[in-house]
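Novice: My structure is in input30.cif, and what it holds is mmCIF, C-alpha atoms:
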data_run
loop_
_atom_site.group_PDB
_atom_site.id
_atom_site.type_symbol
_atom_site.label_atom_id
_atom_site.label_comp_id
_atom_site.auth_asym_id
_atom_site.auth_seq_id
_atom_site.Cartn_x
_atom_site.Cartn_y
_atom_site.Cartn_z
ATOM 1 C CA MET A 1 -2.546 13.402 -17.281
ATOM 2 C CA LYS A 2 -4.347 10.338 -15.934
ATOM 3 C CA SER A 3 -8.033 10.164 -16.732
ATOM 4 C CA LEU A 4 -10.837 7.668 -16.274
ATOM 5 C CA GLU A 5 -10.658 7.062 -20.025
ATOM 6 C CA ASP A 6 -7.274 5.355 -19.442
ATOM 7 C CA LEU A 7 -9.034 2.793 -17.285
ATOM 8 C CA LYS A 8 -11.352 1.771 -20.094
ATOM 9 C CA LYS A 9 -8.386 1.195 -22.384
ATOM 10 C CA MET A 10 -6.561 -0.789 -19.700
ATOM 11 C CA ARG A 11 -9.677 -2.881 -19.229
ATOM 12 C CA GLU A 12 -9.776 -3.762 -22.942
ATOM 13 C CA SER A 13 -6.117 -4.754 -23.071
ATOM 14 C CA ALA A 14 -6.403 -6.761 -19.844
ATOM 15 C CA LEU A 15 -9.294 -8.736 -21.294
ATOM 16 C CA LYS A 16 -7.307 -9.435 -24.465
ATOM 17 C CA LYS A 17 -4.364 -10.662 -22.409
ATOM 18 C CA VAL A 18 -6.586 -13.062 -20.469
ATOM 19 C CA GLU A 19 -7.956 -14.485 -23.731
ATOM 20 C CA MET A 20 -4.455 -15.117 -25.038
ATOM 21 C CA ARG A 21 -3.217 -16.781 -21.851
ATOM 22 C CA GLU A 22 -3.281 -20.576 -22.018
ATOM 23 C CA GLY A 23 -5.489 -22.069 -19.337
ATOM 24 C CA GLY A 24 -5.551 -18.813 -17.406
ATOM 25 C CA LYS A 25 -2.165 -19.533 -15.822
ATOM 26 C CA THR A 26 0.256 -16.821 -14.895
ATOM 27 C CA TYR A 27 3.272 -16.140 -12.682
ATOM 28 C CA ARG A 28 2.521 -14.907 -9.195
ATOM 29 C CA ILE A 29 4.992 -12.827 -7.195
ATOM 30 C CA VAL A 30 4.402 -12.459 -3.464
ATOM 31 C CA VAL A 31 6.185 -9.838 -1.373
ATOM 32 C CA GLY A 32 6.378 -10.121 2.428
ATOM 33 C CA MET A 33 4.882 -6.859 3.683
ATOM 34 C CA ALA A 34 4.748 -7.409 7.436
ATOM 35 C CA THR A 35 6.582 -5.033 9.781
ATOM 36 C CA CYS A 36 9.806 -7.046 9.383
ATOM 37 C CA GLY A 37 9.642 -6.869 5.588
ATOM 38 C CA ILE A 38 8.771 -3.162 5.518
ATOM 39 C CA ALA A 39 11.553 -2.336 7.992
ATOM 40 C CA ALA A 40 14.040 -4.228 5.799
ATOM 41 C CA GLY A 41 12.965 -2.321 2.679
ATOM 42 C CA ALA A 42 10.092 -4.287 1.138
ATOM 43 C CA ARG A 43 8.128 -1.194 0.050
ATOM 44 C CA PRO A 44 10.588 -0.004 -2.614
ATOM 45 C CA VAL A 45 10.871 -3.629 -3.798
ATOM 46 C CA LEU A 46 7.106 -3.988 -4.091
ATOM 47 C CA ASN A 47 6.805 -0.675 -5.907
ATOM 48 C CA ARG A 48 9.585 -1.515 -8.336
ATOM 49 C CA LEU A 49 7.988 -4.911 -9.072
ATOM 50 C CA VAL A 50 4.634 -3.268 -9.830
ATOM 51 C CA GLU A 51 6.249 -0.576 -12.003
ATOM 52 C CA GLU A 52 8.461 -2.931 -13.999
ATOM 53 C CA THR A 53 5.685 -5.466 -14.491
ATOM 54 C CA ALA A 54 3.393 -2.790 -15.892
ATOM 55 C CA LYS A 55 6.121 -1.191 -17.998
ATOM 56 C CA ASN A 56 7.370 -4.410 -19.602
ATOM 57 C CA ASP A 57 4.026 -6.148 -19.706
ATOM 58 C CA TYR A 58 5.253 -9.249 -17.840
ATOM 59 C CA ASP A 59 2.663 -11.957 -17.501
ATOM 60 C CA CYS A 60 2.456 -11.937 -13.712
ATOM 61 C CA LEU A 61 0.511 -10.698 -10.716
ATOM 62 C CA VAL A 62 2.227 -8.982 -7.799
ATOM 63 C CA THR A 63 0.635 -9.562 -4.403
ATOM 64 C CA GLN A 64 1.457 -9.200 -0.709
ATOM 65 C CA THR A 65 1.657 -11.486 2.257
ATOM 66 C CA GLY A 66 2.422 -11.107 5.962
ATOM 67 C CA CYS A 67 5.360 -12.409 7.953
ATOM 68 C CA ILE A 68 6.477 -15.868 6.815
ATOM 69 C CA GLY A 69 8.765 -16.443 9.775
ATOM 70 C CA MET A 70 12.166 -15.762 8.229
ATOM 71 C CA CYS A 71 12.521 -12.121 9.263
ATOM 72 C CA THR A 72 16.314 -12.122 9.058
ATOM 73 C CA TYR A 73 16.070 -12.852 5.338
ATOM 74 C CA GLU A 74 13.692 -9.974 4.516
ATOM 75 C CA PRO A 75 12.874 -8.479 2.098
ATOM 76 C CA ILE A 76 11.577 -11.812 0.804
ATOM 77 C CA VAL A 77 10.009 -12.267 -2.627
ATOM 78 C CA GLU A 78 8.363 -15.553 -3.559
ATOM 79 C CA VAL A 79 7.796 -16.511 -7.174
ATOM 80 C CA TYR A 80 5.174 -19.091 -8.162
ATOM 81 C CA ASP A 81 5.515 -20.136 -11.782
ATOM 82 C CA LYS A 82 2.742 -21.300 -14.109
ATOM 83 C CA ASP A 83 3.111 -24.906 -12.953
ATOM 84 C CA GLY A 84 2.941 -23.965 -9.282
ATOM 85 C CA ASN A 85 6.709 -24.337 -8.629
ATOM 86 C CA HIS A 86 7.799 -22.060 -5.850
ATOM 87 C CA THR A 87 11.076 -20.157 -5.403
ATOM 88 C CA THR A 88 11.960 -18.028 -2.368
ATOM 89 C CA TYR A 89 14.297 -15.110 -3.012
ATOM 90 C CA VAL A 90 15.846 -13.370 0.002
ATOM 91 C CA HIS A 91 17.480 -10.019 0.784
ATOM 92 C CA VAL A 92 15.809 -8.612 -2.300
ATOM 93 C CA ASP A 93 16.442 -4.968 -3.183
ATOM 94 C CA PRO A 94 14.891 -3.056 -6.110
ATOM 95 C CA HIS A 95 17.832 -4.013 -8.343
ATOM 96 C CA ARG A 96 17.457 -7.741 -7.612
ATOM 97 C CA ALA A 97 13.695 -7.365 -8.070
ATOM 98 C CA VAL A 98 14.229 -6.208 -11.647
ATOM 99 C CA ARG A 99 16.562 -9.150 -12.338
ATOM 100 C CA ILE A 100 14.036 -11.608 -10.914
ATOM 101 C CA LEU A 101 11.444 -10.255 -13.335
ATOM 102 C CA GLN A 102 13.807 -10.288 -16.307
ATOM 103 C CA GLU A 103 15.364 -13.698 -15.757
ATOM 104 C CA HIS A 104 12.773 -15.719 -13.863
ATOM 105 C CA VAL A 105 9.449 -14.355 -15.081
ATOM 106 C CA GLY A 106 10.753 -13.253 -18.486
ATOM 107 C CA GLN A 107 12.958 -16.210 -19.372
ATOM 108 C CA GLY A 108 11.991 -18.916 -16.895
ATOM 109 C CA HIS A 109 15.447 -19.177 -15.265
ATOM 110 C CA VAL A 110 15.627 -19.379 -11.475
ATOM 111 C CA ILE A 111 18.438 -17.135 -10.133
ATOM 112 C CA GLU A 112 19.954 -19.670 -7.747
ATOM 113 C CA LYS A 113 22.321 -17.313 -5.949
ATOM 114 C CA PHE A 114 19.478 -15.083 -4.704
ATOM 115 C CA THR A 115 17.462 -17.970 -3.223
ATOM 116 C CA VAL A 116 17.042 -18.787 0.452
ATOM 117 C CA GLU A 117 18.851 -22.106 -0.117
ATOM 118 C CA ALA A 118 21.934 -20.283 -1.412
ATOM 119 C CA ALA A 119 21.817 -17.803 1.484
ATOM 120 C CA ARG A 120 21.629 -20.629 4.041
ATOM 121 C CA LYS A 121 24.434 -22.516 2.348
ATOM 122 C CA ALA A 122 26.638 -19.404 2.408
ATOM 123 C CA GLU A 123 26.036 -19.183 6.145
ATOM 124 C CA GLY A 124 26.922 -22.857 6.579
ATOM 125 C CA ASN A 125 23.403 -23.350 7.837
ATOM 126 C CA VAL A 126 21.846 -25.969 5.567
ATOM 127 C CA MET B 7 10.595 4.352 8.780
ATOM 128 C CA MET B 8 8.155 7.076 9.885
ATOM 129 C CA GLU B 9 9.678 9.904 7.909
ATOM 130 C CA ASP B 10 6.403 11.362 6.661
ATOM 131 C CA ILE B 11 2.701 11.547 7.522
ATOM 132 C CA ALA B 12 1.832 8.985 4.832
ATOM 133 C CA MET B 13 3.797 6.283 6.697
ATOM 134 C CA HIS B 14 1.739 6.894 9.836
ATOM 135 C CA ILE B 15 -1.463 6.674 7.815
ATOM 136 C CA LEU B 16 -0.364 3.372 6.247
ATOM 137 C CA GLU B 17 -0.019 1.827 9.723
ATOM 138 C CA ILE B 18 -3.589 2.844 10.608
ATOM 139 C CA LEU B 19 -4.919 1.596 7.250
ATOM 140 C CA MET B 20 -3.295 -1.782 8.004
ATOM 141 C CA ASN B 21 -5.155 -1.832 11.347
ATOM 142 C CA SER B 22 -8.433 -1.234 9.504
ATOM 143 C CA ILE B 23 -7.640 -4.053 7.064
ATOM 144 C CA LYS B 24 -6.866 -6.439 9.924
ATOM 145 C CA ALA B 25 -10.109 -5.378 11.632
ATOM 146 C CA GLY B 26 -11.991 -6.832 8.669
ATOM 147 C CA ALA B 27 -13.249 -3.552 7.214
ATOM 148 C CA SER B 28 -15.116 -3.649 3.909
ATOM 149 C CA LEU B 29 -14.957 0.137 3.444
ATOM 150 C CA ILE B 30 -12.139 2.410 4.550
ATOM 151 C CA ILE B 31 -12.408 6.177 4.222
ATOM 152 C CA LEU B 32 -9.316 8.375 4.356
ATOM 153 C CA ARG B 33 -9.979 12.091 4.558
ATOM 154 C CA ILE B 34 -7.192 14.653 4.635
ATOM 155 C CA THR B 35 -8.092 18.276 5.232
ATOM 156 C CA ASP B 36 -5.112 20.461 4.402
ATOM 157 C CA SER B 37 -5.912 24.027 5.433
ATOM 158 C CA LEU B 38 -3.491 26.899 5.219
ATOM 159 C CA ASP B 39 -6.149 29.302 6.537
ATOM 160 C CA GLN B 40 -6.540 27.333 9.746
ATOM 161 C CA ASP B 41 -2.896 26.208 9.803
ATOM 162 C CA VAL B 42 -3.938 22.595 10.293
ATOM 163 C CA ILE B 43 -3.723 19.213 8.570
ATOM 164 C CA LYS B 44 -6.498 16.911 9.724
ATOM 165 C CA ILE B 45 -6.349 13.194 9.035
ATOM 166 C CA GLU B 46 -9.383 10.980 9.468
ATOM 167 C CA ILE B 47 -9.377 7.224 8.937
ATOM 168 C CA ILE B 48 -12.853 5.746 9.168
ATOM 169 C CA ASP B 49 -13.507 2.009 8.875
ATOM 170 C CA ASP B 50 -16.432 -0.366 9.284
ATOM 171 C CA GLY B 51 -14.310 -3.129 10.790
ATOM 172 C CA LYS B 52 -15.035 -5.032 13.968
ATOM 173 C CA GLY B 53 -14.397 -2.038 16.238
ATOM 174 C CA MET B 54 -13.166 -1.983 19.817
ATOM 175 C CA SER B 55 -14.770 -1.927 23.240
ATOM 176 C CA GLU B 56 -14.628 1.369 25.108
ATOM 177 C CA GLU B 57 -11.999 -0.089 27.394
ATOM 178 C CA MET B 58 -9.775 -1.240 24.493
ATOM 179 C CA ALA B 59 -10.194 2.037 22.593
ATOM 180 C CA ALA B 60 -9.139 3.993 25.674
ATOM 181 C CA LYS B 61 -5.789 2.241 25.830
ATOM 182 C CA ALA B 62 -5.280 1.472 22.121
ATOM 183 C CA ALA B 63 -2.682 4.219 21.700
ATOM 184 C CA ASP B 64 -0.565 2.704 24.483
ATOM 185 C CA PRO B 65 2.359 0.906 22.799
ATOM 186 C CA PHE B 66 1.926 -2.057 25.129
ATOM 187 C CA THR B 67 -1.610 -2.653 23.941
ATOM 188 C CA THR B 68 -2.344 -4.689 20.843
ATOM 189 C CA SER B 69 -5.005 -7.074 19.608
ATOM 190 C CA ARG B 70 -2.516 -9.336 17.940
ATOM 191 C CA THR B 71 -1.287 -12.473 19.599
ATOM 192 C CA THR B 72 2.211 -12.813 18.115
ATOM 193 C CA ARG B 73 3.708 -10.174 20.396
ATOM 194 C CA LYS B 74 2.505 -7.719 23.005
ATOM 195 C CA ILE B 75 3.482 -4.458 21.347
ATOM 196 C CA GLY B 76 1.559 -2.386 18.810
ATOM 197 C CA LEU B 77 3.003 0.863 17.584
ATOM 198 C CA GLY B 78 0.798 2.247 14.801
ATOM 199 C CA LEU B 79 -1.651 4.240 16.941
ATOM 200 C CA SER B 80 0.918 5.214 19.557
ATOM 201 C CA PHE B 81 3.220 6.621 16.876
ATOM 202 C CA MET B 82 0.390 8.614 15.350
ATOM 203 C CA LYS B 83 -0.570 9.964 18.752
ATOM 204 C CA GLY B 84 3.078 10.905 19.270
ATOM 205 C CA LEU B 85 3.126 12.691 15.932
ATOM 206 C CA ALA B 86 0.044 14.732 16.825
ATOM 207 C CA GLU B 87 1.440 15.660 20.234
ATOM 208 C CA THR B 88 4.824 16.647 18.786
ATOM 209 C CA CYS B 89 3.232 18.804 16.105
ATOM 210 C CA ASN B 90 0.871 20.791 18.322
ATOM 211 C CA GLY B 91 -2.171 18.781 17.271
ATOM 212 C CA THR B 92 -4.862 16.504 18.628
ATOM 213 C CA PHE B 93 -5.553 12.755 18.560
ATOM 214 C CA LYS B 94 -8.773 10.841 19.070
ATOM 215 C CA ILE B 95 -10.066 7.298 18.645
ATOM 216 C CA ASP B 96 -13.810 6.685 18.364
ATOM 217 C CA SER B 97 -14.746 3.064 18.223
ATOM 218 C CA GLN B 98 -17.742 0.861 18.745
ATOM 219 C CA LEU B 99 -17.742 -2.920 18.781
ATOM 220 C CA GLY B 100 -19.353 -4.307 15.649
ATOM 221 C CA VAL B 101 -19.628 -0.866 14.028
ATOM 222 C CA GLY B 102 -16.122 0.339 13.269
ATOM 223 C CA THR B 103 -13.355 2.688 14.244
ATOM 224 C CA THR B 104 -12.559 6.304 13.436
ATOM 225 C CA VAL B 105 -9.094 7.663 14.091
ATOM 226 C CA THR B 106 -8.733 11.441 13.915
ATOM 227 C CA ALA B 107 -5.413 13.235 14.180
ATOM 228 C CA THR B 108 -4.502 16.835 13.548
ATOM 229 C CA VAL B 109 -1.140 18.532 13.254
ATOM 230 C CA GLN B 110 -0.226 22.187 12.922
ATOM 231 C CA LYS B 111 0.558 22.666 9.219
ATOM 232 C CA LEU B 112 3.323 25.209 9.657
ATOM 233 C CA ASN B 113 4.879 23.664 12.767
ATOM 234 C CA ILE B 114 8.596 23.037 12.364
ATOM 235 C CA ASP B 115 8.174 19.452 13.611
ATOM 236 C CA THR B 116 5.405 18.589 11.147
ATOM 237 C CA PRO B 117 6.812 16.238 8.510
ATOM 238 C CA GLU B 118 5.950 16.226 4.806
ATOM 239 C CA LEU B 119 2.625 14.704 3.835
ATOM 240 C CA GLY B 120 4.487 12.068 1.816
ATOM 241 C CA ASP B 121 3.324 9.815 -1.005
ATOM 242 C CA ILE B 122 -0.392 9.300 -0.348
ATOM 243 C CA GLY B 123 -0.933 7.632 -3.746
ATOM 244 C CA GLU B 124 1.653 5.024 -2.899
ATOM 245 C CA ILE B 125 0.266 4.070 0.519
ATOM 246 C CA LEU B 126 -3.269 3.830 -0.883
ATOM 247 C CA MET B 127 -1.969 1.656 -3.722
ATOM 248 C CA GLU B 128 -0.221 -0.597 -1.223
ATOM 249 C CA SER B 129 -3.326 -0.873 0.956
ATOM 250 C CA ILE B 130 -5.556 -1.647 -2.011
ATOM 251 C CA GLN B 131 -3.085 -4.256 -3.174
ATOM 252 C CA SER B 132 -2.960 -6.039 0.169
ATOM 253 C CA ASN B 133 -6.635 -6.974 -0.089
ATOM 254 C CA GLY B 134 -8.516 -6.472 -3.349
ATOM 255 C CA ASP B 135 -11.955 -6.873 -1.776
ATOM 256 C CA ILE B 136 -11.912 -3.748 0.381
ATOM 257 C CA ASP B 137 -13.360 -0.498 -0.965
ATOM 258 C CA TYR B 138 -11.650 2.808 -0.348
ATOM 259 C CA GLU B 139 -12.782 6.381 -0.447
ATOM 260 C CA PHE B 140 -10.235 9.151 -0.340
ATOM 261 C CA ASP B 141 -10.835 12.876 0.027
ATOM 262 C CA TYR B 142 -8.241 15.599 -0.077
ATOM 263 C CA ILE B 143 -9.723 18.916 0.922
ATOM 264 C CA THR B 144 -7.960 22.285 0.810
ATOM 265 C CA ASP B 145 -9.377 25.736 1.601
ATOM 266 C CA VAL B 146 -10.736 26.176 -1.908
ATOM 267 C CA ASN B 147 -10.648 22.770 -3.527
ATOM 268 C CA ALA B 148 -11.350 19.082 -3.117
ATOM 269 C CA PHE B 149 -10.301 15.846 -4.765
ATOM 270 C CA HIS B 150 -12.374 12.698 -4.395
ATOM 271 C CA PHE B 151 -11.388 9.126 -5.198
ATOM 272 C CA ASP B 152 -13.559 6.047 -4.835
ATOM 273 C CA THR B 153 -12.640 2.450 -5.689
ATOM 274 C CA LYS B 154 -16.325 1.612 -6.280
ATOM 275 C CA MET B 155 -16.311 3.932 -9.283
ATOM 276 C CA ILE B 156 -13.074 2.362 -10.534
ATOM 277 C CA ARG B 157 -14.562 -1.124 -10.173
ATOM 278 C CA GLU B 158 -17.607 -0.087 -12.173
ATOM 279 C CA THR B 159 -15.448 1.240 -14.994
ATOM 280 C CA LEU B 160 -13.288 -1.904 -14.949
ATOM 281 C CA ASP B 161 -16.423 -4.052 -15.045
ATOM 282 C CA GLY B 162 -15.056 -7.387 -13.831
ATOM 283 C CA VAL B 163 -11.348 -6.755 -14.454
ATOM 284 C CA SER B 164 -9.303 -6.883 -11.232
ATOM 285 C CA LEU B 165 -8.030 -3.748 -9.505
ATOM 286 C CA LEU B 166 -4.881 -5.667 -8.698
ATOM 287 C CA LEU B 167 -3.343 -5.687 -12.182
ATOM 288 C CA PRO B 168 -0.004 -3.858 -11.983
ATOM 289 C CA GLU B 169 -0.894 -1.263 -14.615
ATOM 290 C CA ILE B 170 -4.143 -0.459 -12.829
ATOM 291 C CA LEU B 171 -2.485 -0.198 -9.407
ATOM 292 C CA LEU B 172 0.052 2.218 -10.872
ATOM 293 C CA TRP B 173 -2.694 4.224 -12.509
ATOM 294 C CA ILE B 174 -4.464 4.504 -9.123
ATOM 295 C CA LYS B 175 -1.287 5.768 -7.447
ATOM 296 C CA ASP B 176 -0.619 8.367 -10.166
ATOM 297 C CA TYR B 177 -4.255 9.429 -10.400
ATOM 298 C CA ILE B 178 -4.437 10.091 -6.642
ATOM 299 C CA ASN B 179 -1.159 12.019 -6.549
ATOM 300 C CA GLN B 180 -2.195 14.025 -9.588
ATOM 301 C CA GLY B 181 -5.490 14.881 -7.876
ATOM 302 C CA ILE B 182 -3.677 16.046 -4.738
ATOM 303 C CA GLU B 183 -1.241 18.171 -6.743
ATOM 304 C CA GLN B 184 -4.056 19.795 -8.708
ATOM 305 C CA ALA B 185 -6.001 20.602 -5.558
ATOM 306 C CA LYS B 186 -2.839 22.131 -4.051
ATOM 307 C CA GLU B 187 -2.010 24.193 -7.125
ATOM 308 C CA GLU B 188 -5.394 25.764 -7.330
ATOM 309 C CA ASP B 189 -5.116 26.493 -3.626
ATOM 310 C CA THR B 190 -2.060 28.704 -4.080
ATOM 311 C CA GLN B 191 -3.468 30.699 -6.976
#
Using the file provided, produce a representation of the structure as structure tokens.
Specialist:
Amino acid sequence: MKSLEDLKKMRESALKKVEMREGGKTYRIVVGMATCGIAAGARPVLNRLVEETAKNDYDCLVTQTGCIGMCTYEPIVEVYDKDGNHTTYVHVDPHRAVRILQEHVGQGHVIEKFTVEAARKAEGNV
Amino acid sequence: MMEDIAMHILEILMNSIKAGASLIILRITDSLDQDVIKIEIIDDGKGMSEEMAAKAADPFTTSRTTRKIGLGLSFMKGLAETCNGTFKIDSQLGVGTTVTATVQKLNIDTPELGDIGEILMESIQSNGDIDYEFDYITDVNAFHFDTKMIRETLDGVSLLLPEILLWIKDYINQGIEQAKEEDTQ
């Protein structure tokens, strides 16, 4: 059962987390949620990202954006790390979304083969 | 893509967000007695002129500039017509827009309601500054949700934290289920 009491507890733990975070910096994950992204399956990806982040307490925020002009590569997930470096993952499904959280957000390793650069290279389209 | 009623509602919520609404009200009246599901989406966004509102459900009408097709309202109108219901847009420039659709609850073409908690979570997440009210009303019961109350409880902590978004989704779906259960008793 979910109750309003839960919210108070979540508030406390969120405040503690912010205190512990150095300089207020955190990972930011952005999911393309325009019509092209949704049609390609961005909603299950977004939902899985939110669920896994909450479950495993990853230090990141999950947000949405519109169409970024690469509709053929949707669903697209962009990861901004704590230093502002930016990685674009393409053709993301819920399974890849979990790996992105585990390896990139959890351990700081970019998964090269899921990136837009790798996808373009595979198509001979660099 | 449009396999349930929730998907149609999400499209209209996205319209309200793009119209610059600061408050969006979603009201679902689910009545077995009257054999009707009524969906109302009320926003205080920029609204439409009478002329635009009259043709807004035409798929070749849209306010966006990237392409000349807009399907959200036309799909919802199609849903209402298929399911023996009604469809209406009331809008006033500078005041806001209200979209009202009904479907026959026990019509064979009426799809499932779908995951209302999820679409509200997704809408809230797409812009953390907008407030939402949600009502689910059955013949004997009602569930009410209001982001203003959530914000007060959170007192400065963002609604957009993953654990809070998930809580919102589960809390809404739990409220709907409870209202339904008590309805069948």
Novice: Show me, as a ChimeraX atom specification, the residues of chain A whose atoms get within 9 Å of chain B, using all atoms listed in the file for the distance check.
Specialist: /A:1-4,6-8,10-12,14-15,33,38-39,43,46-47,49-55,57,60-65
Novice: What lies within 12 Å of A:Thr72 using only C-alpha atoms, ignoring chain neighbours under 4 positions off, as a count of residues only?
Specialist: 13
Novice: In Å, rounded to a single decimal, give me how far atom CA of B:Leu38 is from atom CA of B:Lys175.
Specialist: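 These two atoms are separated by 24.7 Å.
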Novice: Do you have the atom CA of B:Glu9-atom CA of B:Pro117 distance handy?
Specialist: 7.0 Å
Novice: Mind pulling up the distance from atom CA of B:Lys111 to atom CA of B:Glu139?
Specialist: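 Between atom CA of B:Glu139 and atom CA of B:Lys111 the gap works out to 23.2 Å.
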Novice: What's around A:Gly84 at 12 Å? Count all atoms listed in the file, leave out sequence neighbours fewer than 2 positions away in its own chain, and write the answer as a list in words.
Specialist: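 My list of contacting residues is Lys25, Thr26, Tyr27, Arg28, Ile29, Glu78, Val79, Tyr80, Asp81, Lys82, His86 and Thr87 of chain A.
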Novice: For the residues in the current selection, export C-alpha atoms as a PDB file, in the frame of the given file.
Specialist:
ATOM      1  CA  LYS A  25      -2.165 -19.533 -15.822  1.00  0.00           C
ATOM      2  CA  THR A  26       0.256 -16.821 -14.895  1.00  0.00           C
ATOM      3  CA  TYR A  27       3.272 -16.140 -12.682  1.00  0.00           C
ATOM      4  CA  ARG A  28       2.521 -14.907  -9.195  1.00  0.00           C
ATOM      5  CA  ILE A  29       4.992 -12.827  -7.195  1.00  0.00           C
ATOM      6  CA  GLU A  78       8.363 -15.553  -3.559  1.00  0.00           C
ATOM      7  CA  VAL A  79       7.796 -16.511  -7.174  1.00  0.00           C
ATOM      8  CA  TYR A  80       5.174 -19.091  -8.162  1.00  0.00           C
ATOM      9  CA  ASP A  81       5.515 -20.136 -11.782  1.00  0.00           C
ATOM     10  CA  LYS A  82       2.742 -21.300 -14.109  1.00  0.00           C
ATOM     11  CA  HIS A  86       7.799 -22.060  -5.850  1.00  0.00           C
ATOM     12  CA  THR A  87      11.076 -20.157  -5.403  1.00  0.00           C
TER      13      THR A  87
END
Novice: List the spatial neighbours of A:Tyr89 as a ChimeraX atom specification - criterion: any atom at most 9 Å away, only C-alpha atoms, same-chain residues fewer than 6 positions off excluded.
Specialist: /A:73,75-79,100,111-117
